[in-house]
Amino acid sequence: MFRSLSAVNYRIWFIGALISNVGAWMQRTAQDWFVLTELTDNDAAAVGVTMALQFGPALVIGPLAGIIADRMPGRRLLAITQIAQALLALALGLIIVLGIAELWMVYLLALGLGIATAVDAPARQTFVGELVGTRDLPNAVALNSASFNTARLIGPAAAGLLTVLVGAGWVILINVLTFAAMLVALGLLREAELQPMQKTSRGRGQLRAGIQYVARRADLVVVFTMVFLVGTFGFNFAIFTATMARVEFGRDAAEFGLLSSILAIGSVAGALLSARRERPRLRVIVLAAIGFAGSMVVAALMPTIELFALALIPVGFFALTMITSANAYVQTTTRSSIRGRVMALYLTIFMGGTPVGAPVLGLVANEFGARWAMGVGALAGLLAAVAAVLWMRARHNLRIRRHPADDPWWRLRVRYDGDDFERRMRDLETATQEIAIIEAEARKS
């Protein structure tokens, strides 16, 4: 389960990322609560707009960020993006502490953070491959998710308590210090043990080649569709937990932070379970989407905050099982020379849907209540699963059978031809050759 940690470079990265992620979750929790309770009168739509500005740049510059990730050394690019994010956090914390913060200022800084994050995300995702190599990449991706969600256990709870004690501004300033951990980790990495990916030189048609590569991989189109639906309407947990805590149950920042941490319990479990799998499978992504939809419905119906908190654990479990498996599937079935562009498109779909979904869910929460907003998230998970099942049935002979048929203690067994790993690799090789032709034609034109 923890085999990637046998690599010294990955251990250094893991520790630095964990500390940095704790700070990031502290800032996100403090910022959302500050917007909801200090800058507005419990306006969930304002929180949605803040999230939209923070994730919106991925829609515009995400694909271009992938080209940058395919060209620049990952270590240098990550150092630049970490410094930029630290400076933006410093500005946000200072205007809150000094008492001069206005909503438009928070919106502007959220947009700046979104630009830095859009460049950082594909570089961060692909850099993992340089730390561990292709064989352990699925395990490393899963452990990264475990780190991210372990931070979610600590960060929101700490932010909720500190927000009550010292205020949101000081919580955000603490996050500025955690960026140093990531920069130190990057500095300590052993250059000789890195496994640099093949980088592309400057040339025309590289963005088009990345898009056409995905378009010619029907399995990636299905995964991207699922990630878009769930990422846009299902992964807006800040809106769900903040409005449920404040409006439905009448609680304060401490309970909001605690709910986010409890959600992370299931997320960590889902990430660790994903780390046990040798390779990601599409059917796991589909089953996780179904589980996510069902658990969201259950959570939305809970009458007390205690029961709601317990119901968030399976929500986190299925959410992270789905997204970690999708991430690993895309990375392990994509050639390293084009992986940055493909992951940038993946993250554009995943993060870029937030500007659409967050304001919509905020308005639903304002007009109909937080429970109905969670129902929209559940519907998105169900639609994602249905879309994938229809494709698997049409293209890969999906079969669902009772197994064993003659045993009273039976279970369902899911099989489809897409599990043929050798066939999938042949399709990958064909797509890679086609993309090489596209890039060559673009350079001649």
# chains A, B, ... in the order shown; residues from 1 in each chain; ligands from 1

call {"tool": "residues_around", "arguments": {"residues": "Trp372 of chain A", "least_positions_apart": "3", "cutoff": "10 Å", "atoms": "only C-alpha atoms", "output": "PyMOL selection string"}}
result
chain A and resi 240+297+300-301+361+364-369+375-378

call {"tool": "atom_distance", "arguments": {"atom1": "atom CA of Glu191 of chain A", "atom2": "atom CA of Gln82 of chain A"}}
result
19.4 Å

call {"tool": "residues_around", "arguments": {"residues": "segment 157-165 of chain A", "least_positions_apart": "5", "cutoff": "10 Å", "atoms": "only C-alpha atoms", "output": "list in words"}}
result
Val22, Gly23, Trp25, Met26, Gln27, Arg28, Thr29, Ala30, Gln31, Trp33, Phe34, Ala151, Arg152, Trp170, Val171, Ile172, Ile174, Asp252, Ala253, Ala254, Glu255, Phe256, Gly257, Leu258, Leu259, Ser260, Ser261 and Ile262 of chain A

call {"tool": "closest_residue", "arguments": {"among": "A:Val386, A:Ile12, A:Leu220, A:Met244", "to": "Leu186 of chain A", "atoms": "only C-alpha atoms"}}
result
A:Ile12

call {"tool": "atom_distance", "arguments": {"atom1": "atom CA of Phe249 of chain A", "atom2": "atom CA of Thr50 of chain A"}}
result
23.1 Å

call {"tool": "atom_distance", "arguments": {"atom1": "atom CA of Val221 of chain A", "atom2": "atom CA of Gly62 of chain A"}}
result
17.1 Å

call {"tool": "residues_around", "arguments": {"residues": "segment 98-115 of chain A", "least_positions_apart": "5", "cutoff": "8 Å", "atoms": "only C-alpha atoms", "output": "list in words"}}
result
Val35, Leu39, Val49, Thr50, Met51, Leu53, Gln54, Phe55, Gly56, Pro57, Ala58, Ile61, Gln85, Leu88, Ala91 and Leu92 of chain A

call {"tool": "closest_residue", "arguments": {"among": "A:Asn144, A:Thr324, A:Thr40, A:Thr241", "to": "Trp13 of chain A", "atoms": "only C-alpha atoms"}}
result
A:Asn144

call {"tool": "closest_residue", "arguments": {"among": "A:Val176, A:Ala45, A:Ile313, A:Leu382", "to": "Asn236 of chain A", "atoms": "only C-alpha atoms"}}
result
A:Ala45

call {"tool": "closest_residue", "arguments": {"among": "A:Gly66, A:Gly353, A:Gly167, A:Gly129", "to": "Leu94 of chain A", "atoms": "only C-alpha atoms"}}
result
A:Gly167

call {"tool": "closest_residue", "arguments": {"among": "A:Ile15, A:Val360, A:Ala370, A:Leu64", "to": "Ala46 of chain A", "atoms": "only C-alpha atoms"}}
result
A:Val360
